$ cat final.txt   # compact mmCIF, C-alpha atoms
# COMPACT_ATOMS: atom_id res chain seq x y z
CA MET A 506 0.00 0.00 0.00
CA ASP A 507 1.45 3.39 -1.00
CA ASN A 508 0.93 6.87 0.41
CA ILE A 509 -0.81 5.81 3.55
CA ARG A 510 -2.15 8.03 6.30
CA VAL A 511 -0.89 6.99 9.72
CA LEU A 512 -2.04 7.87 13.23
CA ILE A 513 0.68 7.56 15.87
CA VAL A 514 -0.59 7.62 19.47
CA ASP A 515 2.15 8.02 22.08
CA ASP A 516 2.62 10.42 24.98
CA SER A 517 6.24 10.98 23.93
CA SER A 518 6.70 13.33 20.99
CA VAL A 519 10.23 11.97 20.57
CA MET A 520 8.88 8.44 20.28
CA ARG A 521 6.28 9.57 17.73
CA LYS A 522 9.11 10.97 15.60
CA ILE A 523 11.13 7.77 15.97
CA VAL A 524 8.15 5.63 14.96
CA GLU A 525 7.56 7.83 11.90
CA ARG A 526 11.23 7.62 10.95
CA SER A 527 11.17 3.83 11.35
CA LEU A 528 8.19 3.60 8.99
CA ARG A 529 10.01 5.69 6.38
CA GLN A 530 13.18 3.58 6.83
CA ALA A 531 11.00 0.52 6.21
CA ASP A 532 10.20 1.99 2.75
CA ILE A 533 6.57 2.52 3.66
CA GLN A 534 5.29 5.43 1.59
CA ILE A 535 3.55 7.88 3.88
CA ALA A 536 1.21 10.61 2.69
CA GLU A 537 0.48 12.06 6.12
CA VAL A 538 1.23 11.39 9.77
CA LEU A 539 -1.36 12.38 12.35
CA GLU A 540 -0.31 12.44 16.00
CA ALA A 541 -2.01 12.11 19.37
CA GLY A 542 -0.57 12.22 22.90
CA ASN A 543 -3.00 9.73 24.44
CA GLY A 544 -5.95 7.49 23.60
CA ALA A 545 -8.56 10.20 24.10
CA GLU A 546 -6.74 12.51 21.70
CA GLY A 547 -6.43 9.62 19.29
CA LEU A 548 -10.20 9.07 19.31
CA GLY A 549 -10.65 12.79 18.68
CA VAL A 550 -8.37 12.63 15.65
CA LEU A 551 -10.26 9.62 14.28
CA ASN A 552 -13.60 11.36 14.68
CA LYS A 553 -12.38 13.93 12.14
CA SER A 554 -9.99 11.99 9.91
CA LYS A 555 -9.60 8.66 8.14
CA VAL A 556 -6.33 6.77 8.37
CA ASP A 557 -4.90 3.54 6.95
CA LEU A 558 -2.85 2.47 9.98
CA ILE A 559 -2.81 3.17 13.71
CA LEU A 560 0.31 2.72 15.84
CA CYS A 561 -0.32 2.98 19.57
CA ASP A 562 1.60 2.92 22.85
CA ILE A 563 0.03 1.23 25.89
CA ASN A 564 1.19 3.21 28.95
CA MET A 565 -0.16 6.72 28.49
CA PRO A 566 -1.88 9.25 30.75
CA VAL A 567 -5.59 10.16 30.40
CA MET A 568 -6.49 7.10 28.29
CA ASP A 569 -4.11 4.19 27.84
CA GLY A 570 -3.68 2.13 24.69
CA MET A 571 -5.81 -0.79 25.84
CA GLU A 572 -8.81 1.44 26.55
CA PHE A 573 -8.22 3.27 23.26
CA ILE A 574 -8.32 0.08 21.22
CA LYS A 575 -11.49 -1.07 23.01
CA GLN A 576 -13.24 2.18 22.14
CA LEU A 577 -12.20 2.07 18.47
CA SER A 578 -15.11 -0.22 17.59
CA ALA A 579 -17.48 2.73 18.13
CA VAL A 580 -15.54 5.00 15.78
CA GLU A 581 -16.72 4.88 12.16
CA ASN A 582 -13.39 6.06 10.74
CA ALA A 583 -11.53 3.28 12.58
CA LYS A 584 -13.53 0.37 11.17
CA GLY A 585 -11.20 -2.08 9.41
CA VAL A 586 -8.12 0.01 10.18
CA PRO A 587 -5.24 -2.16 11.48
CA VAL A 588 -3.83 -1.25 14.89
CA VAL A 589 -0.30 -2.15 15.95
CA MET A 590 0.81 -1.67 19.54
CA ILE A 591 4.33 -0.31 20.16
CA THR A 592 5.19 -0.56 23.84
CA THR A 593 7.66 -1.45 26.58
CA GLU A 594 5.06 -3.84 28.02
CA GLY A 595 6.45 -7.05 26.59
CA SER A 596 4.69 -9.84 28.46
CA GLU A 597 2.69 -12.56 26.75
CA GLY A 598 -0.29 -11.41 28.80
CA HIS A 599 -0.13 -7.92 27.34
CA VAL A 600 0.27 -9.31 23.81
CA VAL A 601 -2.73 -11.61 24.21
CA GLN A 602 -4.79 -8.81 25.77
CA ALA A 603 -3.95 -6.42 22.93
CA LEU A 604 -4.61 -8.96 20.18
CA SER A 605 -7.86 -10.01 21.86
CA ALA A 606 -8.94 -6.37 21.96
CA GLY A 607 -8.41 -6.08 18.22
CA ALA A 608 -4.73 -5.20 17.65
CA ARG A 609 -3.21 -6.80 14.56
CA GLY A 610 0.41 -6.57 15.65
CA TYR A 611 2.68 -5.93 18.61
CA ILE A 612 6.14 -4.35 18.64
CA ARG A 613 8.24 -4.23 21.80
CA LYS A 614 10.41 -1.22 22.63
CA PRO A 615 13.32 -1.01 22.02
CA PHE A 616 12.75 -1.82 18.36
CA THR A 617 14.70 -1.67 15.12
CA PRO A 618 13.32 -0.36 11.79
CA ASP A 619 13.59 -3.93 10.53
CA GLN A 620 11.27 -5.18 13.27
CA VAL A 621 8.80 -2.45 12.34
CA LYS A 622 9.01 -3.48 8.69
CA LYS A 623 8.43 -7.17 9.47
CA GLN A 624 5.31 -6.35 11.47
CA ILE A 625 3.79 -3.57 9.40
CA VAL A 626 4.39 -4.53 5.77
CA PRO A 627 2.42 -7.84 5.87
CA ILE A 628 -0.41 -6.08 7.68
CA LEU A 629 -0.60 -3.33 5.06
CA ALA A 630 -0.42 -5.97 2.33
CA GLY A 631 -3.44 -7.68 3.91
CA ASN A 632 -1.52 -10.86 4.69
CA GLN A 633 -1.84 -10.73 8.44
CA MET B 526 6.81 -18.56 37.50
CA ASN B 527 4.18 -18.76 40.23
CA THR B 528 3.70 -16.05 42.84
CA THR B 529 5.73 -17.83 45.54
CA ASN B 530 8.70 -18.36 43.25
CA LEU B 531 8.46 -14.79 42.01
CA ASP B 532 8.38 -13.47 45.59
CA HIS B 533 11.47 -15.57 46.33
CA ALA B 534 13.22 -14.20 43.27
CA VAL B 535 12.34 -10.63 44.23
CA GLN B 536 13.67 -11.14 47.75
CA HIS B 537 16.76 -13.25 47.10
CA ASP B 538 18.04 -12.82 43.56
CA ARG B 539 18.74 -9.13 43.68
CA GLU B 540 22.52 -9.49 43.51
CA ALA B 541 22.04 -10.87 40.01
CA TRP B 542 20.02 -7.84 38.98
CA ALA B 543 22.87 -5.33 38.54
CA PRO B 544 24.23 -7.15 35.44
CA LEU B 545 20.65 -7.47 34.11
CA LEU B 546 20.12 -3.76 34.61
CA ALA B 547 23.36 -3.01 32.75
CA LEU B 548 22.39 -5.40 29.95
CA SER B 549 18.96 -3.79 29.67
CA ALA B 550 20.55 -0.37 29.27
CA ARG B 551 23.12 -1.63 26.75
CA GLU B 552 20.40 -3.12 24.58
CA VAL B 553 18.31 0.06 24.62
CA PHE B 554 21.31 2.25 23.74
CA ASP B 555 22.43 -0.16 21.04
CA VAL B 556 19.04 -0.50 19.34
CA MET B 557 17.59 2.99 19.77
CA LEU B 558 20.72 5.17 19.74
CA GLY B 559 23.26 3.02 17.90
CA SER B 560 25.66 3.56 20.83
CA GLN B 561 27.68 1.10 22.82
CA LEU B 562 27.70 1.73 26.56
CA GLU B 563 30.98 0.91 28.29
CA ASN B 564 31.67 -0.23 31.82
CA SER B 565 32.90 2.46 34.15
CA SER B 566 36.37 1.73 35.48
CA ASN B 567 35.70 3.96 38.50
CA PRO B 568 32.61 4.19 40.72
CA VAL B 569 30.20 6.74 39.22
CA SER B 570 29.12 9.47 41.61
CA GLY B 571 26.08 11.66 41.16
CA GLU B 572 28.25 14.77 40.90
CA ASN B 573 27.43 16.88 37.83
CA LEU B 574 24.77 14.39 36.75
CA ASP B 575 22.14 17.11 36.63
CA ILE B 576 19.51 15.25 34.60
CA THR B 577 17.54 12.55 36.40
CA SER B 578 14.84 10.45 34.76
CA MET B 579 12.64 8.32 36.99
CA VAL B 580 10.21 5.49 36.28
CA GLY B 581 8.16 3.95 39.08
CA LEU B 582 7.52 0.22 39.35
CA ALA B 583 4.41 -1.15 41.03
CA GLY B 584 2.99 -4.61 41.61
CA HIS B 585 5.15 -7.58 42.58
CA LEU B 586 8.19 -5.35 42.40
CA CYS B 587 7.71 -1.88 43.85
CA GLY B 588 10.39 0.72 43.50
CA VAL B 589 11.87 3.36 41.31
CA LEU B 590 14.47 3.22 38.55
CA THR B 591 16.51 6.35 37.99
CA LEU B 592 18.87 7.19 35.16
CA ARG B 593 21.24 10.10 35.74
CA CYS B 594 23.51 11.86 33.28
CA ASP B 595 24.88 15.31 32.57
CA PRO B 596 23.12 17.78 30.23
CA THR B 597 25.66 17.27 27.44
CA SER B 598 25.07 13.52 27.48
CA ALA B 599 21.31 14.07 27.55
CA ALA B 600 21.50 16.29 24.47
CA ARG B 601 23.72 13.77 22.67
CA MET B 602 21.36 10.90 23.52
CA THR B 603 18.43 12.88 22.16
CA SER B 604 20.37 13.76 19.03
CA LYS B 605 21.21 10.12 18.42
CA MET B 606 17.65 8.96 19.06
CA LEU B 607 16.20 11.47 16.64
CA GLY B 608 19.03 11.43 14.13
CA THR B 609 19.23 15.23 14.24
CA ALA B 610 21.78 17.74 15.50
CA LEU B 611 21.09 19.06 18.97
CA ASP B 612 23.51 21.37 20.76
CA SER B 613 21.90 21.77 24.15
CA ALA B 614 19.35 20.15 26.43
CA GLY B 615 15.73 21.31 26.26
CA PRO B 616 12.15 20.02 26.48
CA GLU B 617 12.74 17.46 23.73
CA THR B 618 15.66 16.17 25.78
CA TRP B 619 13.53 15.59 28.86
CA ASP B 620 11.10 13.62 26.72
CA ALA B 621 13.88 11.52 25.19
CA ILE B 622 15.63 10.80 28.51
CA GLY B 623 12.28 9.80 30.02
CA GLU B 624 11.66 7.39 27.16
CA ILE B 625 15.14 5.88 27.50
CA CYS B 626 14.57 5.27 31.22
CA ASN B 627 11.14 3.83 30.43
CA MET B 628 12.60 1.41 27.87
CA VAL B 629 15.41 0.36 30.25
CA ALA B 630 12.83 -0.32 32.98
CA GLY B 631 10.60 -2.28 30.61
CA ASN B 632 13.51 -4.23 29.17
CA PHE B 633 14.76 -5.02 32.69
CA LYS B 634 11.44 -6.35 34.00
CA ASN B 635 10.94 -8.39 30.84
CA LYS B 636 14.22 -10.20 31.61
CA ILE B 637 13.03 -11.42 35.02
CA SER B 638 10.77 -14.42 34.81
CA GLY B 639 7.26 -13.63 35.95
CA LEU B 640 7.85 -9.92 36.42
CA ALA B 641 6.75 -8.73 32.98
CA GLU B 642 3.17 -9.71 33.80
CA THR B 643 3.04 -8.60 37.40
CA CYS B 644 4.94 -5.32 37.47
CA GLN B 645 3.59 -2.11 35.97
CA LEU B 646 5.55 0.96 34.99
CA SER B 647 4.64 4.57 35.58
CA VAL B 648 5.05 7.25 32.96
CA PRO B 649 8.52 8.80 33.32
CA THR B 650 9.39 11.91 35.32
CA VAL B 651 12.48 14.02 34.62
CA ILE B 652 14.23 16.25 37.18
CA THR B 653 16.82 18.84 36.22
CA GLY B 654 19.41 19.93 38.76
CA ALA B 655 21.46 17.93 41.24
CA GLU B 656 20.51 19.63 44.50
CA TYR B 657 17.86 17.22 45.69
CA SER B 658 17.52 14.19 47.94
CA LEU B 659 15.38 11.18 47.09
CA TYR B 660 13.60 9.52 50.01
CA THR B 661 11.85 6.19 49.68
CA LEU B 662 10.12 3.81 52.09
CA SER B 663 12.90 1.25 51.85
CA ASP B 664 16.08 1.06 53.91
CA ASP B 665 17.65 -1.39 51.45
CA PRO B 666 20.58 -0.04 49.49
CA ALA B 667 19.86 0.74 45.86
CA ILE B 668 21.21 -1.46 43.09
CA GLU B 669 23.56 0.93 41.28
CA VAL B 670 25.25 0.51 37.92
CA GLY B 671 27.82 2.94 36.56
CA LEU B 672 28.26 3.05 32.80
CA VAL B 673 29.95 5.32 30.29
CA PHE B 674 28.22 6.93 27.32
CA GLU B 675 30.63 8.48 24.81
CA GLY B 676 33.22 9.09 27.53
CA ARG B 677 30.73 10.58 29.99
CA PRO B 678 29.35 8.94 33.14
CA LEU B 679 25.83 7.60 33.35
CA MET B 680 24.30 6.09 36.46
CA LEU B 681 21.41 3.70 36.83
CA SER B 682 19.89 3.11 40.23
CA LEU B 683 17.10 0.73 41.20
CA LYS B 684 15.60 1.38 44.62
CA ILE B 685 13.29 -1.45 45.64
CA HIS B 686 10.50 -1.03 48.19
CA SER B 687 9.27 -4.61 48.45
$ encode --input "final.txt" --output "structure tokens"
Amino acid sequence: MDNIRVLIVDDSSVMRKIVERSLRQADIQIAEVLEAGNGAEGLGVLNKSKVDLILCDINMPVMDGMEFIKQLSAVENAKGVPVVMITTEGSEGHVVQALSAGARGYIRKPFTPDQVKKQIVPILAGNQ
Amino acid sequence: MNTTNLDHAVQHDREAWAPLLALSAREVFDVMLGSQLENSSNPVSGENLDITSMVGLAGHLCGVLTLRCDPTSAARMTSKMLGTALDSAGPETWDAIGEICNMVAGNFKNKISGLAETCQLSVPTVITGAEYSLYTLSDDPAIEVGLVFEGRPLMLSLKIHS
């Protein structure tokens, strides 16, 4: 998929930049990056805009990533949009919880651009 | 690991945690900054380490992990993380140092069997300035690891409450 619109939800602006850079290094063509500092802001962005991919942290103030992903089902613009969690929470329990809630992928911090590519590209290609 | 074994590990295996803490930091710096941390040949003191990032741990392991460095190191770490030039420390630096501490804490707990599931991390807090004292509920000595980032000292400290 080329020229995608991405929503990156993370309370760290530095981490949002690193995630965007990792996507570009993975040769994913990006038309626009939308940003949110927590889950509630992310829902607000999605109420106004359509995206092709959502990347989301778990530990965030106001609304964490798990609550955000649960509430996505009520957002018209989020229907069918793949969500990939990017987080320091690396336990199997967190992975299962995120995938059960609707996430399509899970990337543990610290991460390399190659790990981002291996997770994201098959999802965008519809193979995962 | 069941709760009893995990409690035993938390109480009795702490001497093995300093190398794990160092390894956790090395991996984060290697992957996210492209930098190799070195061992410090001398004990690292807190002197001139004016940037402190803190992440709280709660659950089966309660405590606080701190990462301390000087402002020049903090700016360099941020520059390497973002791949951009940065001459001095500023708000973006506090964000970056907080994230580094957060990733070290997450990487550390993920290396201890049973702890990844049962220990939660707080969002990071960053303090600037060295004129402060940190008081916790524990009398146990902190697990301290001195490392060197590009010739400059960096100190990790894990203070455990339970």
$ closest_residue --input "final.txt" --among "A:Leu548, A:Val567, A:Val538, A:Leu512" --to "chain B" --atoms "only C-alpha atoms"
A:Val567
$ residues_near_point --input "final.txt" --point "(11.0, 14.0, 35.9)" --cutoff "12 Å" --atoms "only C-alpha atoms" --output "MDAnalysis selection string"
chainID B and resid 575:581 589:593 616 618:624 626:627 647:654
$ closest_atom_pairs --input "final.txt" --of "chain A" --to "chain B" --cutoff "8 Å" --atoms "all atoms listed in the file" --output "tab-separated table"
residue	atom	partner	partner_atom	distance
A:Ser517	CA	B:Asp620	CA	6.2
A:Ser518	CA	B:Asp620	CA	7.2
A:Val519	CA	B:Ala621	CA	5.9
A:Met520	CA	B:Glu624	CA	7.5
A:Lys522	CA	B:Leu607	CA	7.2
A:Ile523	CA	B:Leu607	CA	6.3
A:Asn564	CA	B:Val648	CA	6.9
A:Met565	CA	B:Val648	CA	6.9
A:Pro566	CA	B:Val648	CA	7.5
A:Thr593	CA	B:Gly631	CA	5.1
A:Glu594	CA	B:Gly631	CA	6.3
A:Gly595	CA	B:Asn635	CA	6.3
A:Ser596	CA	B:Ala641	CA	5.1
A:Glu597	CA	B:Glu642	CA	7.6
A:Gly598	CA	B:Glu642	CA	6.3
A:His599	CA	B:Glu642	CA	7.5
A:Lys614	CA	B:Met628	CA	6.3
A:Pro615	CA	B:Val553	CA	5.7
A:Phe616	CA	B:Val556	CA	6.5
A:Thr617	CA	B:Val556	CA	6.2
$ atom_distance --input "final.txt" --atom1 "atom CA of A:Ile559" --atom2 "atom CA of A:Pro587"
6.3 Å
$ residues_around --input "final.txt" --residues "B:Leu662" --least-positions-apart "2" --cutoff "12 Å" --atoms "only C-alpha atoms" --output "tab-separated table (two decimals) with C-alpha atoms, keeping the file's coordinate frame"
chain	number	residue	atom	x	y	z
B	587	CYS	CA	7.71	-1.88	43.85
B	588	GLY	CA	10.39	0.72	43.50
B	589	VAL	CA	11.87	3.36	41.31
B	659	LEU	CA	15.38	11.18	47.09
B	660	TYR	CA	13.60	9.52	50.01
B	664	ASP	CA	16.08	1.06	53.91
B	665	ASP	CA	17.65	-1.39	51.45
B	666	PRO	CA	20.58	-0.04	49.49
B	667	ALA	CA	19.86	0.74	45.86
B	684	LYS	CA	15.60	1.38	44.62
B	685	ILE	CA	13.29	-1.45	45.64
B	686	HIS	CA	10.50	-1.03	48.19
B	687	SER	CA	9.27	-4.61	48.45
$ atom_distance --input "final.txt" --atom1 "atom CA of B:Ala550" --atom2 "atom CA of B:Leu582"
16.5 Å
$ closest_residue --input "final.txt" --among "A:Gly570, A:Leu560, A:Lys623, A:Ala603" --to "A:Val586" --atoms "all atoms listed in the file"
A:Leu560
$ residues_around --input "final.txt" --residues "A:Gly549" --least-positions-apart "5" --cutoff "12 Å" --atoms "only C-alpha atoms" --output "list in words"
Leu512, Val514, Leu539, Glu540, Ala541, Gly542, Asn543, Gly544, Ser554, Lys555, Met568, Phe573, Gln576, Leu577, Val580, Glu581, Asn582 and Ala583 of chain A
$ atom_distance --input "final.txt" --atom1 "atom CA of B:Thr597" --atom2 "atom CA of B:Met680"
14.4 Å
$ residues_around --input "final.txt" --residues "A:Lys622" --least-positions-apart "3" --cutoff "9 Å" --atoms "all atoms listed in the file" --output "compact mmCIF listing (two decimals) with C-alpha atoms, keeping the file's coordinate frame"
# COMPACT_ATOMS: atom_id res chain seq x y z
CA SER A 527 11.17 3.83 11.35
CA LEU A 528 8.19 3.60 8.99
CA GLN A 530 13.18 3.58 6.83
CA ALA A 531 11.00 0.52 6.21
CA ASP A 532 10.20 1.99 2.75
CA ILE A 533 6.57 2.52 3.66
CA THR A 617 14.70 -1.67 15.12
CA PRO A 618 13.32 -0.36 11.79
CA ASP A 619 13.59 -3.93 10.53
CA ILE A 625 3.79 -3.57 9.40
CA VAL A 626 4.39 -4.53 5.77
CA PRO A 627 2.42 -7.84 5.87
$ closest_residue --input "final.txt" --among "B:Arg677, B:Leu548, B:Leu672, B:Leu683" --to "B:Ser566" --atoms "only C-alpha atoms"
B:Leu672
$ build_atoms --input "final.txt" --residues "stretch 561-584 of chain B" --atoms "N, CA and C atoms" --output "PDB file, in the coordinates of the input"
ATOM      1  N   GLN B 561      27.253   2.166  21.934  1.00  0.00           N
ATOM      2  CA  GLN B 561      27.680   1.100  22.820  1.00  0.00           C
ATOM      3  C   GLN B 561      28.048   1.689  24.177  1.00  0.00           C
ATOM      4  N   LEU B 562      27.334   1.292  25.209  1.00  0.00           N
ATOM      5  CA  LEU B 562      27.700   1.730  26.560  1.00  0.00           C
ATOM      6  C   LEU B 562      28.906   0.920  27.029  1.00  0.00           C
ATOM      7  N   GLU B 563      29.808   1.598  27.750  1.00  0.00           N
ATOM      8  CA  GLU B 563      30.980   0.910  28.290  1.00  0.00           C
ATOM      9  C   GLU B 563      30.868   0.815  29.804  1.00  0.00           C
ATOM     10  N   ASN B 564      31.605  -0.151  30.367  1.00  0.00           N
ATOM     11  CA  ASN B 564      31.670  -0.230  31.820  1.00  0.00           C
ATOM     12  C   ASN B 564      32.492   0.932  32.352  1.00  0.00           C
ATOM     13  N   SER B 565      32.130   1.403  33.517  1.00  0.00           N
ATOM     14  CA  SER B 565      32.900   2.460  34.150  1.00  0.00           C
ATOM     15  C   SER B 565      34.019   1.841  34.966  1.00  0.00           C
ATOM     16  N   SER B 566      35.241   2.305  34.737  1.00  0.00           N
ATOM     17  CA  SER B 566      36.370   1.730  35.480  1.00  0.00           C
ATOM     18  C   SER B 566      36.394   2.255  36.922  1.00  0.00           C
ATOM     19  N   ASN B 567      35.771   3.399  37.146  1.00  0.00           N
ATOM     20  CA  ASN B 567      35.700   3.960  38.500  1.00  0.00           C
ATOM     21  C   ASN B 567      34.237   4.031  38.936  1.00  0.00           C
ATOM     22  N   PRO B 568      33.992   4.011  40.256  1.00  0.00           N
ATOM     23  CA  PRO B 568      32.610   4.190  40.720  1.00  0.00           C
ATOM     24  C   PRO B 568      32.060   5.532  40.219  1.00  0.00           C
ATOM     25  N   VAL B 569      30.815   5.519  39.732  1.00  0.00           N
ATOM     26  CA  VAL B 569      30.200   6.740  39.220  1.00  0.00           C
ATOM     27  C   VAL B 569      29.480   7.442  40.360  1.00  0.00           C
ATOM     28  N   SER B 570      29.830   8.696  40.581  1.00  0.00           N
ATOM     29  CA  SER B 570      29.120   9.470  41.610  1.00  0.00           C
ATOM     30  C   SER B 570      28.045  10.306  40.923  1.00  0.00           C
ATOM     31  N   GLY B 571      27.159  10.853  41.730  1.00  0.00           N
ATOM     32  CA  GLY B 571      26.080  11.660  41.160  1.00  0.00           C
ATOM     33  C   GLY B 571      26.512  13.080  40.820  1.00  0.00           C
ATOM     34  N   GLU B 572      27.785  13.406  41.108  1.00  0.00           N
ATOM     35  CA  GLU B 572      28.250  14.770  40.900  1.00  0.00           C
ATOM     36  C   GLU B 572      28.160  15.170  39.428  1.00  0.00           C
ATOM     37  N   ASN B 573      27.590  16.310  39.180  1.00  0.00           N
ATOM     38  CA  ASN B 573      27.430  16.880  37.830  1.00  0.00           C
ATOM     39  C   ASN B 573      26.426  16.115  36.964  1.00  0.00           C
ATOM     40  N   LEU B 574      25.794  15.101  37.521  1.00  0.00           N
ATOM     41  CA  LEU B 574      24.770  14.390  36.750  1.00  0.00           C
ATOM     42  C   LEU B 574      23.439  15.079  36.998  1.00  0.00           C
ATOM     43  N   ASP B 575      23.240  16.187  36.307  1.00  0.00           N
ATOM     44  CA  ASP B 575      22.140  17.110  36.630  1.00  0.00           C
ATOM     45  C   ASP B 575      20.800  16.730  36.009  1.00  0.00           C
ATOM     46  N   ILE B 576      20.773  15.687  35.202  1.00  0.00           N
ATOM     47  CA  ILE B 576      19.510  15.250  34.600  1.00  0.00           C
ATOM     48  C   ILE B 576      19.151  13.885  35.204  1.00  0.00           C
ATOM     49  N   THR B 577      17.998  13.807  35.796  1.00  0.00           N
ATOM     50  CA  THR B 577      17.540  12.550  36.400  1.00  0.00           C
ATOM     51  C   THR B 577      16.193  12.167  35.794  1.00  0.00           C
ATOM     52  N   SER B 578      16.118  10.971  35.239  1.00  0.00           N
ATOM     53  CA  SER B 578      14.840  10.450  34.760  1.00  0.00           C
ATOM     54  C   SER B 578      14.412   9.329  35.698  1.00  0.00           C
ATOM     55  N   MET B 579      13.145   9.308  36.035  1.00  0.00           N
ATOM     56  CA  MET B 579      12.640   8.320  36.990  1.00  0.00           C
ATOM     57  C   MET B 579      11.423   7.599  36.428  1.00  0.00           C
ATOM     58  N   VAL B 580      11.390   6.281  36.630  1.00  0.00           N
ATOM     59  CA  VAL B 580      10.210   5.490  36.280  1.00  0.00           C
ATOM     60  C   VAL B 580       9.850   4.644  37.501  1.00  0.00           C
ATOM     61  N   GLY B 581       8.612   4.724  37.939  1.00  0.00           N
ATOM     62  CA  GLY B 581       8.160   3.950  39.080  1.00  0.00           C
ATOM     63  C   GLY B 581       7.746   2.547  38.666  1.00  0.00           C
ATOM     64  N   LEU B 582       7.960   1.592  39.570  1.00  0.00           N
ATOM     65  CA  LEU B 582       7.520   0.220  39.350  1.00  0.00           C
ATOM     66  C   LEU B 582       6.519  -0.140  40.444  1.00  0.00           C
ATOM     67  N   ALA B 583       5.432  -0.772  40.058  1.00  0.00           N
ATOM     68  CA  ALA B 583       4.410  -1.150  41.030  1.00  0.00           C
ATOM     69  C   ALA B 583       3.918  -2.557  40.732  1.00  0.00           C
ATOM     70  N   GLY B 584       3.449  -3.242  41.779  1.00  0.00           N
ATOM     71  CA  GLY B 584       2.990  -4.610  41.610  1.00  0.00           C
ATOM     72  C   GLY B 584       3.871  -5.537  42.423  1.00  0.00           C
TER      73      GLY B 584
END
